[in-house]
Amino acid sequence: MRDVVPHPERLVRFCGADCSSCETYKRFLKGDESGLVNFETNYRCCWLPKDYPRGKDCEIRTCCEEKGLLFCGECNQFEECIRMRNFYSKLGYDELKKRMIKEVKREFIKRNEEVDQNIRDKLFIIGNRLAKANVIWVLFAGAAAFFYGSNRMVTDVDILVKSEDLEKAKAALRNLEGVDIVADLTLKTSLGVCRFFMDDEMISKMRWKELVDVKVSLIPVEDNIIFKAVLQRGEAEGKHDIDDIKGMLRHEKLNIAYLTKRIQKYQAAKRVYPLLKELGLF
């Protein structure tokens with residue numbers, strides 16, 4: 001059977017267990033499949049394929065795969081998760097948690113490095129020019145979704161500013177290709193017209209993140225989710241709004257009170273609530 005069992009793509013697994021230091025895995029490399037299934041729990045090694053004929057998947061693997069996560073620590077509910085709190089409370093298991101958190105950080109750095117150098121240069125220029133022009137701005141839409149956990153790479157840059165700063169921002173960023181600067185958007189949907197804009201409340205919640213050596217101001221994740229939920233564009237439009245929302249929900253903990261307030265402010269309740277309920281948020 002050994003010839004048909006693939007090796008794991010990642011030696012550090014969902015919970016932080018390291019296959020490279022596991023005696024069972026070392027025996028497997030020598031052709032011995034004994035011990036791949038725990039006789040007490042009937043859980044099998046979590047790198048085994050789904051169709052492996054013996055044992056069953058552990059709850060941790062199942063949960064992570066359902067959410068599309070590489071590690072438990074990427075989940076926005078990790079700190080409150082009773083299952084993982086009990087798991088890591090076992091003697092010696094705190095080392096698994098430390099290793100897992102280290103891998104989460106490594107993946108984040110890797111994602112940042114994967115952003116095209118042209119995009120990084122562009123964000124650096126945007127930050128410098130708008131700071132000199134005294135314009136408050138946030139990155140939003142697809143690029144912000146990437147920073148908040150979407151798996152899609154950054155291909156364009158969308159900037160949101162206050163309406164009174166729009167012309168000043170456009171002047172500051174003139175001749176900078178591939179950058180879309182907007183304010184006070186009117187979004188038409190099948191359920192009516194929604195608004196989308198920057199105000200002082202949004203500014204008070206905006207986030208700063210480091211992209212290698214570039215500091216980027218991000219729209220609050222709640223506002224970005226609302227924007228994507230209003231549009232709900234798919235592959236036909238060359239967009240992936242719902243996939244972006246799922247990625248953000250997996251990785252970010254939301255301020256539900258703020259989210260609810262912003263949905264009402266954007267006049268987007270009829271459009272947004274059904275989708276978010278379908279995705280299990282409400």
# chains A, B, ... in the order shown; residues from 1 in each chain; ligands from 1
call {"tool": "residues_around", "arguments": {"residues": "Ile101 in chain A", "least_positions_apart": "4", "cutoff": "8 Å", "atoms": "only C-alpha atoms", "output": "compact mmCIF listing (two decimals) with N, CA and C atoms, in the first residue's frame"}}
result
# COMPACT_ATOMS: atom_id res chain seq x y z
N GLY A 16 0.08 22.20 14.52
CA GLY A 16 1.47 22.45 14.87
C GLY A 16 2.28 21.18 15.04
N GLY A 73 -4.38 28.64 13.84
CA GLY A 73 -4.12 30.02 14.25
C GLY A 73 -4.53 31.06 13.24
N LYS A 97 1.57 24.48 19.88
CA LYS A 97 0.95 25.78 19.67
C LYS A 97 1.98 26.81 19.24
N LYS A 105 2.83 32.97 11.16
CA LYS A 105 3.59 34.19 10.88
C LYS A 105 4.43 34.03 9.61
call {"tool": "residues_around", "arguments": {"residues": "Lys98 in chain A", "least_positions_apart": "5", "cutoff": "12 Å", "atoms": "only C-alpha atoms", "output": "VMD selection string"}}
result
chain A and resid 12 15 to 18 71 to 73 88 92 to 93 103 to 105
call {"tool": "write_last_selection", "arguments": {"atoms": "N, CA and C atoms", "output": "short mmCIF file (atom, residue, chain, number, x, y, z; two decimals), in the first residue's frame"}}
result
data_model
loop_
_atom_site.label_atom_id
_atom_site.label_comp_id
_atom_site.auth_asym_id
_atom_site.auth_seq_id
_atom_site.Cartn_x
_atom_site.Cartn_y
_atom_site.Cartn_z
N VAL A 12 4.64 20.41 8.88
CA VAL A 12 3.99 20.97 10.06
C VAL A 12 2.50 21.06 9.75
N CYS A 15 -2.41 21.72 13.54
CA CYS A 15 -2.33 22.06 14.97
C CYS A 15 -0.91 22.42 15.40
N GLY A 16 0.08 22.20 14.52
CA GLY A 16 1.47 22.45 14.87
C GLY A 16 2.28 21.18 15.04
N ALA A 17 1.65 20.01 14.92
CA ALA A 17 2.39 18.75 14.98
C ALA A 17 3.37 18.69 13.82
N ASP A 18 4.59 18.22 14.09
CA ASP A 18 5.66 18.19 13.09
C ASP A 18 5.94 16.75 12.68
N PHE A 71 -3.64 26.42 9.03
CA PHE A 71 -3.36 26.24 10.45
C PHE A 71 -4.51 26.81 11.28
N CYS A 72 -4.71 26.24 12.47
CA CYS A 72 -5.77 26.71 13.36
C CYS A 72 -5.62 28.19 13.69
N GLY A 73 -4.38 28.64 13.84
CA GLY A 73 -4.12 30.02 14.25
C GLY A 73 -4.53 31.06 13.24
N TYR A 88 -4.49 22.20 23.52
CA TYR A 88 -3.18 22.72 23.88
C TYR A 88 -2.92 22.72 25.40
N GLY A 92 2.81 19.19 27.42
CA GLY A 92 3.74 19.23 26.30
C GLY A 92 3.18 19.81 25.02
N TYR A 93 1.86 20.00 24.95
CA TYR A 93 1.23 20.45 23.72
C TYR A 93 1.40 21.95 23.47
N GLU A 103 4.43 29.14 12.26
CA GLU A 103 4.12 28.85 10.86
C GLU A 103 3.10 29.84 10.30
N VAL A 104 2.16 30.25 11.13
CA VAL A 104 1.18 31.26 10.69
C VAL A 104 1.89 32.55 10.32
N LYS A 105 2.83 32.97 11.16
CA LYS A 105 3.59 34.19 10.88
C LYS A 105 4.43 34.03 9.61
#
call {"tool": "closest_atom_pairs", "arguments": {"of": "range 86-150 of chain A", "to": "range 223-236 of chain A", "cutoff": "9 Å", "atoms": "only C-alpha atoms", "output": "Markdown table"}}
result
| residue | atom | partner | partner_atom | distance |
| --- | --- | --- | --- | --- |
| A:Phe140 | CA | A:Asn224 | CA | 6.3 |
| A:Ala141 | CA | A:Asn224 | CA | 6.1 |
| A:Gly142 | CA | A:Lys228 | CA | 8.7 |
| A:Ala144 | CA | A:Asn224 | CA | 7.4 |
| A:Ala145 | CA | A:Asn224 | CA | 7.2 |
call {"tool": "select_by_dssp", "arguments": {"residues": "range 108-145 of chain A", "states": "alpha helix (DSSP H)", "output": "PyMOL selection string"}}
result
chain A and resi 108-114+117-132+142-145
call {"tool": "atom_distance", "arguments": {"atom1": "CA of Asp184 in chain A", "atom2": "CA of Leu276 in chain A"}}
result
23.3 Å
call {"tool": "residues_around", "arguments": {"residues": "range 50-55 of chain A", "least_positions_apart": "2", "cutoff": "12 Å", "atoms": "only C-alpha atoms", "output": "PyMOL selection string"}}
result
chain A and resi 1-2+4-6+33-48+57-58+61-62+65
call {"tool": "select_by_dssp", "arguments": {"residues": "range 123-247 of chain A", "states": "strand (DSSP E)", "output": "ChimeraX atom specification"}}
result
/A:137-140,157-161,179-182,185-189,192-196,207-211,214-218
call {"tool": "write_last_selection", "arguments": {"atoms": "C-alpha atoms", "output": "mmCIF file, in the first residue's frame"}}
result
data_model
loop_
_atom_site.group_PDB
_atom_site.id
_atom_site.type_symbol
_atom_site.label_atom_id
_atom_site.label_comp_id
_atom_site.auth_asym_id
_atom_site.auth_seq_id
_atom_site.Cartn_x
_atom_site.Cartn_y
_atom_site.Cartn_z
ATOM 1 C CA TRP A 137 -6.938 57.446 2.414
ATOM 2 C CA VAL A 138 -7.612 53.730 2.695
ATOM 3 C CA LEU A 139 -6.928 50.791 0.457
ATOM 4 C CA PHE A 140 -10.161 48.898 -0.203
ATOM 5 C CA VAL A 157 -5.087 49.299 -6.354
ATOM 6 C CA ASP A 158 -8.353 50.945 -5.287
ATOM 7 C CA ILE A 159 -8.189 54.001 -3.030
ATOM 8 C CA LEU A 160 -11.095 55.516 -1.077
ATOM 9 C CA VAL A 161 -10.987 59.115 0.182
ATOM 10 C CA VAL A 179 -4.680 53.260 -9.391
ATOM 11 C CA ASP A 180 -8.397 54.016 -9.054
ATOM 12 C CA ILE A 181 -9.285 56.849 -6.649
ATOM 13 C CA VAL A 182 -12.929 57.193 -5.615
ATOM 14 C CA LEU A 185 -19.853 55.755 -4.516
ATOM 15 C CA THR A 186 -23.396 54.990 -5.640
ATOM 16 C CA LEU A 187 -23.830 51.244 -6.097
ATOM 17 C CA LYS A 188 -26.885 50.118 -8.066
ATOM 18 C CA THR A 189 -28.214 46.618 -7.343
ATOM 19 C CA GLY A 192 -32.044 49.236 -4.892
ATOM 20 C CA VAL A 193 -29.253 51.775 -4.622
ATOM 21 C CA CYS A 194 -26.602 51.589 -1.908
ATOM 22 C CA ARG A 195 -24.052 54.185 -0.929
ATOM 23 C CA PHE A 196 -20.401 53.720 0.000
ATOM 24 C CA ARG A 207 -6.155 49.678 10.141
ATOM 25 C CA TRP A 208 -2.442 49.917 9.355
ATOM 26 C CA LYS A 209 -0.513 46.922 8.052
ATOM 27 C CA GLU A 210 3.072 46.400 6.993
ATOM 28 C CA LEU A 211 3.740 45.060 3.496
ATOM 29 C CA VAL A 214 5.623 49.618 3.069
ATOM 30 C CA LYS A 215 3.020 50.810 5.580
ATOM 31 C CA VAL A 216 -0.508 50.568 4.169
ATOM 32 C CA SER A 217 -3.715 52.098 5.529
ATOM 33 C CA LEU A 218 -6.635 49.680 5.174
#
call {"tool": "atom_distance", "arguments": {"atom1": "CA of Arg85 in chain A", "atom2": "CA of Lys205 in chain A"}}
result
29.4 Å
call {"tool": "residues_around", "arguments": {"residues": "range 106-109 of chain A", "least_positions_apart": "6", "cutoff": "12 Å", "atoms": "only C-alpha atoms", "output": "VMD selection string"}}
result
chain A and resid 12 69 to 71 73 to 74 99 to 100 115 146 to 151 209 to 213 251
call {"tool": "write_last_selection", "arguments": {"atoms": "N, CA and C atoms", "output": "PDB file, in the first residue's frame"}}
result
ATOM      1  N   VAL A  12       4.643  20.405   8.882  1.00  0.00           N
ATOM      2  CA  VAL A  12       3.988  20.972  10.062  1.00  0.00           C
ATOM      3  C   VAL A  12       2.498  21.064   9.748  1.00  0.00           C
ATOM      4  N   LEU A  69      -8.280  26.648   5.786  1.00  0.00           N
ATOM      5  CA  LEU A  69      -7.141  27.149   6.552  1.00  0.00           C
ATOM      6  C   LEU A  69      -5.994  26.145   6.538  1.00  0.00           C
ATOM      7  N   LEU A  70      -4.770  26.673   6.558  1.00  0.00           N
ATOM      8  CA  LEU A  70      -3.590  25.822   6.680  1.00  0.00           C
ATOM      9  C   LEU A  70      -3.319  25.471   8.134  1.00  0.00           C
ATOM     10  N   PHE A  71      -3.638  26.423   9.030  1.00  0.00           N
ATOM     11  CA  PHE A  71      -3.363  26.240  10.454  1.00  0.00           C
ATOM     12  C   PHE A  71      -4.513  26.813  11.277  1.00  0.00           C
ATOM     13  N   GLY A  73      -4.379  28.638  13.842  1.00  0.00           N
ATOM     14  CA  GLY A  73      -4.118  30.018  14.249  1.00  0.00           C
ATOM     15  C   GLY A  73      -4.535  31.056  13.238  1.00  0.00           C
ATOM     16  N   GLU A  74      -4.875  30.638  12.017  1.00  0.00           N
ATOM     17  CA  GLU A  74      -5.355  31.584  11.014  1.00  0.00           C
ATOM     18  C   GLU A  74      -6.826  31.928  11.208  1.00  0.00           C
ATOM     19  N   ARG A  99       4.819  26.289  17.741  1.00  0.00           N
ATOM     20  CA  ARG A  99       5.269  25.965  16.384  1.00  0.00           C
ATOM     21  C   ARG A  99       4.224  26.386  15.360  1.00  0.00           C
ATOM     22  N   MET A 100       2.944  26.136  15.677  1.00  0.00           N
ATOM     23  CA  MET A 100       1.867  26.493  14.764  1.00  0.00           C
ATOM     24  C   MET A 100       1.789  27.999  14.555  1.00  0.00           C
ATOM     25  N   VAL A 115       3.472  39.598  -3.101  1.00  0.00           N
ATOM     26  CA  VAL A 115       2.861  40.760  -3.753  1.00  0.00           C
ATOM     27  C   VAL A 115       3.859  41.338  -4.748  1.00  0.00           C
ATOM     28  N   PHE A 146      -7.118  40.981   0.209  1.00  0.00           N
ATOM     29  CA  PHE A 146      -5.891  40.179   0.296  1.00  0.00           C
ATOM     30  C   PHE A 146      -5.237  40.332   1.671  1.00  0.00           C
ATOM     31  N   PHE A 147      -5.114  41.558   2.144  1.00  0.00           N
ATOM     32  CA  PHE A 147      -4.496  41.793   3.446  1.00  0.00           C
ATOM     33  C   PHE A 147      -5.313  41.172   4.577  1.00  0.00           C
ATOM     34  N   TYR A 148      -6.619  41.037   4.352  1.00  0.00           N
ATOM     35  CA  TYR A 148      -7.500  40.488   5.381  1.00  0.00           C
ATOM     36  C   TYR A 148      -7.735  38.983   5.224  1.00  0.00           C
ATOM     37  N   GLY A 149      -7.022  38.319   4.302  1.00  0.00           N
ATOM     38  CA  GLY A 149      -7.095  36.870   4.260  1.00  0.00           C
ATOM     39  C   GLY A 149      -7.530  36.224   2.965  1.00  0.00           C
ATOM     40  N   SER A 150      -7.937  36.998   1.958  1.00  0.00           N
ATOM     41  CA  SER A 150      -8.308  36.396   0.679  1.00  0.00           C
ATOM     42  C   SER A 150      -7.077  35.776   0.030  1.00  0.00           C
ATOM     43  N   ASN A 151      -7.274  34.670  -0.673  1.00  0.00           N
ATOM     44  CA  ASN A 151      -6.156  33.977  -1.316  1.00  0.00           C
ATOM     45  C   ASN A 151      -5.787  34.556  -2.672  1.00  0.00           C
ATOM     46  N   LYS A 209      -1.235  48.179   8.166  1.00  0.00           N
ATOM     47  CA  LYS A 209      -0.513  46.922   8.052  1.00  0.00           C
ATOM     48  C   LYS A 209       0.788  47.140   7.292  1.00  0.00           C
ATOM     49  N   GLU A 210       1.773  46.324   7.643  1.00  0.00           N
ATOM     50  CA  GLU A 210       3.072  46.400   6.993  1.00  0.00           C
ATOM     51  C   GLU A 210       3.118  45.415   5.828  1.00  0.00           C
ATOM     52  N   LEU A 211       3.503  45.902   4.660  1.00  0.00           N
ATOM     53  CA  LEU A 211       3.740  45.060   3.496  1.00  0.00           C
ATOM     54  C   LEU A 211       5.231  45.138   3.199  1.00  0.00           C
ATOM     55  N   VAL A 212       5.995  44.146   3.748  1.00  0.00           N
ATOM     56  CA  VAL A 212       7.454  44.175   3.685  1.00  0.00           C
ATOM     57  C   VAL A 212       7.923  45.482   4.311  1.00  0.00           C
ATOM     58  N   ASP A 213       8.306  46.484   3.506  1.00  0.00           N
ATOM     59  CA  ASP A 213       8.789  47.744   4.064  1.00  0.00           C
ATOM     60  C   ASP A 213       7.839  48.897   3.781  1.00  0.00           C
ATOM     61  N   HIS A 251     -10.395  34.794   8.481  1.00  0.00           N
ATOM     62  CA  HIS A 251      -9.175  35.280   9.116  1.00  0.00           C
ATOM     63  C   HIS A 251      -9.365  36.446  10.076  1.00  0.00           C
TER      64      HIS A 251
END
call {"tool": "decode", "arguments": {"residues": "range 87-102 of chain A", "atoms": "N, CA and C atoms", "output": "PDB file, in the first residue's frame"}}
result
ATOM      1  N   PHE A  87      -7.146  21.197  23.719  1.00  0.00           N
ATOM      2  CA  PHE A  87      -6.090  20.440  23.038  1.00  0.00           C
ATOM      3  C   PHE A  87      -4.710  20.892  23.505  1.00  0.00           C
ATOM      4  N   TYR A  88      -4.494  22.200  23.522  1.00  0.00           N
ATOM      5  CA  TYR A  88      -3.178  22.725  23.883  1.00  0.00           C
ATOM      6  C   TYR A  88      -2.923  22.715  25.395  1.00  0.00           C
ATOM      7  N   SER A  89      -3.939  22.399  26.182  1.00  0.00           N
ATOM      8  CA  SER A  89      -3.753  22.328  27.632  1.00  0.00           C
ATOM      9  C   SER A  89      -3.102  21.012  28.065  1.00  0.00           C
ATOM     10  N   LYS A  90      -3.008  20.062  27.143  1.00  0.00           N
ATOM     11  CA  LYS A  90      -2.378  18.781  27.459  1.00  0.00           C
ATOM     12  C   LYS A  90      -0.883  18.966  27.687  1.00  0.00           C
ATOM     13  N   LEU A  91      -0.306  18.126  28.499  1.00  0.00           N
ATOM     14  CA  LEU A  91       1.107  18.217  28.849  1.00  0.00           C
ATOM     15  C   LEU A  91       1.991  18.158  27.601  1.00  0.00           C
ATOM     16  N   GLY A  92       2.807  19.186  27.420  1.00  0.00           N
ATOM     17  CA  GLY A  92       3.742  19.233  26.305  1.00  0.00           C
ATOM     18  C   GLY A  92       3.177  19.810  25.023  1.00  0.00           C
ATOM     19  N   TYR A  93       1.855  20.003  24.955  1.00  0.00           N
ATOM     20  CA  TYR A  93       1.232  20.448  23.718  1.00  0.00           C
ATOM     21  C   TYR A  93       1.403  21.952  23.474  1.00  0.00           C
ATOM     22  N   ASP A  94       1.880  22.685  24.483  1.00  0.00           N
ATOM     23  CA  ASP A  94       2.124  24.105  24.274  1.00  0.00           C
ATOM     24  C   ASP A  94       3.213  24.324  23.224  1.00  0.00           C
ATOM     25  N   GLU A  95       4.101  23.333  23.059  1.00  0.00           N
ATOM     26  CA  GLU A  95       5.135  23.431  22.028  1.00  0.00           C
ATOM     27  C   GLU A  95       4.522  23.354  20.634  1.00  0.00           C
ATOM     28  N   LEU A  96       3.473  22.557  20.499  1.00  0.00           N
ATOM     29  CA  LEU A  96       2.778  22.489  19.215  1.00  0.00           C
ATOM     30  C   LEU A  96       2.151  23.834  18.876  1.00  0.00           C
ATOM     31  N   LYS A  97       1.573  24.482  19.883  1.00  0.00           N
ATOM     32  CA  LYS A  97       0.945  25.779  19.667  1.00  0.00           C
ATOM     33  C   LYS A  97       1.976  26.809  19.238  1.00  0.00           C
ATOM     34  N   LYS A  98       3.125  26.829  19.899  1.00  0.00           N
ATOM     35  CA  LYS A  98       4.182  27.781  19.547  1.00  0.00           C
ATOM     36  C   LYS A  98       4.647  27.553  18.109  1.00  0.00           C
ATOM     37  N   ARG A  99       4.819  26.289  17.741  1.00  0.00           N
ATOM     38  CA  ARG A  99       5.269  25.965  16.384  1.00  0.00           C
ATOM     39  C   ARG A  99       4.224  26.386  15.360  1.00  0.00           C
ATOM     40  N   MET A 100       2.944  26.136  15.677  1.00  0.00           N
ATOM     41  CA  MET A 100       1.867  26.493  14.764  1.00  0.00           C
ATOM     42  C   MET A 100       1.789  27.999  14.555  1.00  0.00           C
ATOM     43  N   ILE A 101       1.897  28.770  15.635  1.00  0.00           N
ATOM     44  CA  ILE A 101       1.865  30.233  15.530  1.00  0.00           C
ATOM     45  C   ILE A 101       3.042  30.733  14.694  1.00  0.00           C
ATOM     46  N   LYS A 102       4.187  30.112  14.856  1.00  0.00           N
ATOM     47  CA  LYS A 102       5.365  30.469  14.069  1.00  0.00           C
ATOM     48  C   LYS A 102       5.109  30.248  12.587  1.00  0.00           C
TER      49      LYS A 102
END
